[in-house]
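These notes are about the structure you will find just below.
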2 protein chains.
Amino acid sequence: MKVPKCGNLLFIGFMGVGKSTLAKELAKELKTVCLDTDKIIENMENKKIKNIFSTKGEEYFRELEQKVAIWLEKNVKNSIISTGGGFIAVGNLKKIGKIIYLKSSFDGIMKRLENHPKSKEKLAKRPLLQDRKRAKELFKRRSDTYKKLADITINVEKYKNKREMIKELMKLFDTNVSSR
Amino acid sequence: MKVPKCGNLLFIGFMGVGKSTLAKELAKELKTVCLDTDKIIENMENKKIKNIFSTKGEEYFRELEQKVAIWLEKNVKNSIISTGGGFIAVGNLKKIGKIIYLKSSFDGIMKRLENHPKSKEKLAKRPLLQDRKRAKELFKRRSDTYKKLADITINVEKYKNKREMIKELMKLFDTNVSSR
């Protein structure tokens with residue numbers, strides 16, 4: 001797989017699937033910097049995501065995501081970027097970089113979050129996970145979009161651990177990454 | 001003043017002087033995105049700055065700052081960037097963008113932090129502010145470097161509020177910014 005000229009690698013997938021964790025690992029492996037769209041938004045607004053949702057609403061948050069997406073497309077290259085679960089709604093996703101979709105079953109994601117050492121925190125910070133039934137519906141709706149947008153799909157449930165996923169990604173990037 | 005080709009504007013100055021706050025305001029004014037080098041590092045390490053200092057030490061943190069500095073120089077443009085107080089030690093600062101130095105007396109900074117609604121948090125998160133006497137010595141040592149590196153100096157104690165500082169900056173950028 002060829003890494004695009006802009007060199008960005010963008011992780012997408014449902015909230016809690018491990019995008020941010022894997023992005024950090026990959027950035028270390030590739031000796032580059034990783035960004036997280038949620039963290040950029042939290043810094044710009046000086047508020048946690050859940051507080052942006054509760055005070056300004058989801059629509060406002062989606063506008064910020066679009067703003068960040070345009071900024072990324074125009075001004076950032078050679079970076080690893082993890083995104084919020086709904087970031088795929090931005091209009092220019094494919095222009096930002098190659099898309100890596102972290103795929104998992106809904107139950108797999110919930111299990112991952114519930115078994116996490118910081119489980120309570122991980123669950124609490126995600127406003128759209130509060131209602132489990134609605135979250136599952138959202139998961140179903142989004143899954144097709146993730147699939148359509150993906151350049152690479154990593155089925156996280158097939159791997160023993162993060163290292164295995166990184167190995168697989170490095171294999172896929174092949175020589176294109178080593179020449180960056 | 002001409003905004004450089006890369007278009008980045010980099011805020012430097014002693015910790016607590018208000019770099020991050022002003023960077024956010026300016027990003028809103030210029031309808032762009034702001035980054036914060038400390039936040040990028042916290043995301044990459046998945047740890048708060050004070051925990052990076054306590055577990056890995058200052059030297060390790062400075063290496064991360066250098067890594068981020070090189071990444072910014074090579075891969076980011078048209079952005080507003082706030083930095084940690086010691087970020088000026090990186091070797092390529094001037095190559096990242098135009099440097100805006102927020103200047104204040106040491107007492108002015110301490111007053112700002114102590115009068116802040118989140119005063120306790122603002123003070124606690126800065127490991128190098130814990131010993132007031134040593135912090136003042138650090139302030140003296142760094143002040144000359146800030147001055148030497150600055151393309152623009154904003155003496156924050158001369159302004160009534162953030163809005164006035166933004167106005168002054170916009171005047172300095174003149175027509176160069178409006179054409180970005």
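FYI, nothing fancy with the structure tokens labels: chains A, B, ... in order, residues from 1 per chain, ligands from 1 as they appear.
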
Given only C-alpha atoms, how would the per-residue table for chain B near chain A read, listing every residue at most 7 Å away with its closest atom pair and distance in Å to one decimal, sorted by chain and number, as CSV?
residue,atom,partner,partner_atom,distance
B:Lys24,CA,A:Met44,CA,5.8
B:Val33,CA,A:Val68,CA,6.7
B:Cys34,CA,A:Met44,CA,6.4
B:Leu35,CA,A:Ile40,CA,6.8
B:Ile40,CA,A:Leu35,CA,6.8
B:Met44,CA,A:Lys24,CA,5.8
B:Val68,CA,A:Val33,CA,6.7
B:Trp71,CA,A:Val33,CA,6.8
B:Asn75,CA,A:Lys77,CA,5.0
B:Val76,CA,A:Val76,CA,4.8
B:Lys77,CA,A:Asn75,CA,5.0
B:Asn78,CA,A:Asn75,CA,6.4

With C-alpha atoms retained, could you export that selection as a compact mmCIF listing (two decimals), in the first residue's frame?
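Contents of selection13.txt, freshly written:
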# COMPACT_ATOMS: atom_id res chain seq x y z
CA LYS B 24 -6.81 30.15 21.57
CA VAL B 33 -6.71 25.88 14.69
CA CYS B 34 -4.33 26.21 17.61
CA LEU B 35 -2.00 23.60 18.97
CA ILE B 40 0.62 17.29 22.11
CA MET B 44 1.62 11.23 22.91
CA VAL B 68 7.65 18.04 18.50
CA TRP B 71 7.72 17.79 13.50
CA ASN B 75 4.86 19.24 8.79
CA VAL B 76 2.66 22.03 10.11
CA LYS B 77 1.78 25.39 8.58
CA ASN B 78 -0.73 28.24 9.02

Next on the checklist: What parts of chain B does DSSP call helix (DSSP H, G or I)? I'd like the answer as a PyMOL selection string.
Outcome noted: chain B and resi 19-29+37-45+49-56+58-75+87-89+93-96+106-115+119-124+127-129+132-149+156-158+162-173+175-178

Checklist entry - Which residues in region 53-132 of chain A does DSSP call strand (DSSP E)? List them as a ChimeraX atom specification. => result /A:80-82,98-103

Item to check | Separation of CA of Phe11 (chain B) from CA of Met165 (chain B) in Å | outcome: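 Result for CA of Met165 (chain B) versus CA of Phe11 (chain B): 12.8 Å, one decimal.
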
Next on the checklist: With distances taken over only C-alpha atoms, which residue among A:Ala69, A:Leu172, A:Ile81, A:Leu9 lies nearest Lys98 (chain A)?
Outcome noted: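 Smallest separation from Lys98 (chain A) among the options: A:Leu9.
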
Next on the checklist: Using only C-alpha atoms, which protein or nucleic acid residues come within 8 Å of Tyr146 (chain A)? Drop anything in the same chain fewer than 4 positions from it, and give the result as a VMD selection string.
Outcome noted: chain A and resid 12 to 13 88 101 142 150

Item to check | Neighbour list for Leu129 (chain A) as a list in words, cut-off 10 Å, only C-alpha atoms, skip fewer than 4 positions in-chain | outcome: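 In the requested format, the answer is Met15, Gly16, Met110, Lys122, Leu123, Ala124, Lys125, Lys133, Arg134, Ala135, Lys136 and Leu138 of chain A.
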
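Distance-wise, CA of Ile152 (chain A) and CA of Ile100 (chain A) end up 4.8 Å apart.
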
Item to check | Interatomic distance (Å, one decimal) between CA of Glu137 (chain B) and CA of Phe14 (chain B) | outcome: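 Distance between the two atoms: 11.8 Å.
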
Checklist entry - Which residue out of A:Glu63, A:Glu164, A:Glu157, A:Asp144 has the minimum interatomic distance to Ser105 (chain A) when only C-alpha atoms are used? => result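 The closest residue to Ser105 (chain A) is A:Glu157.
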
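Distances from A:Gly86, A:Leu22, A:Leu102, A:His116 to Lys147 (chain A) were compared using only C-alpha atoms, and the smallest one belongs to A:Leu102.
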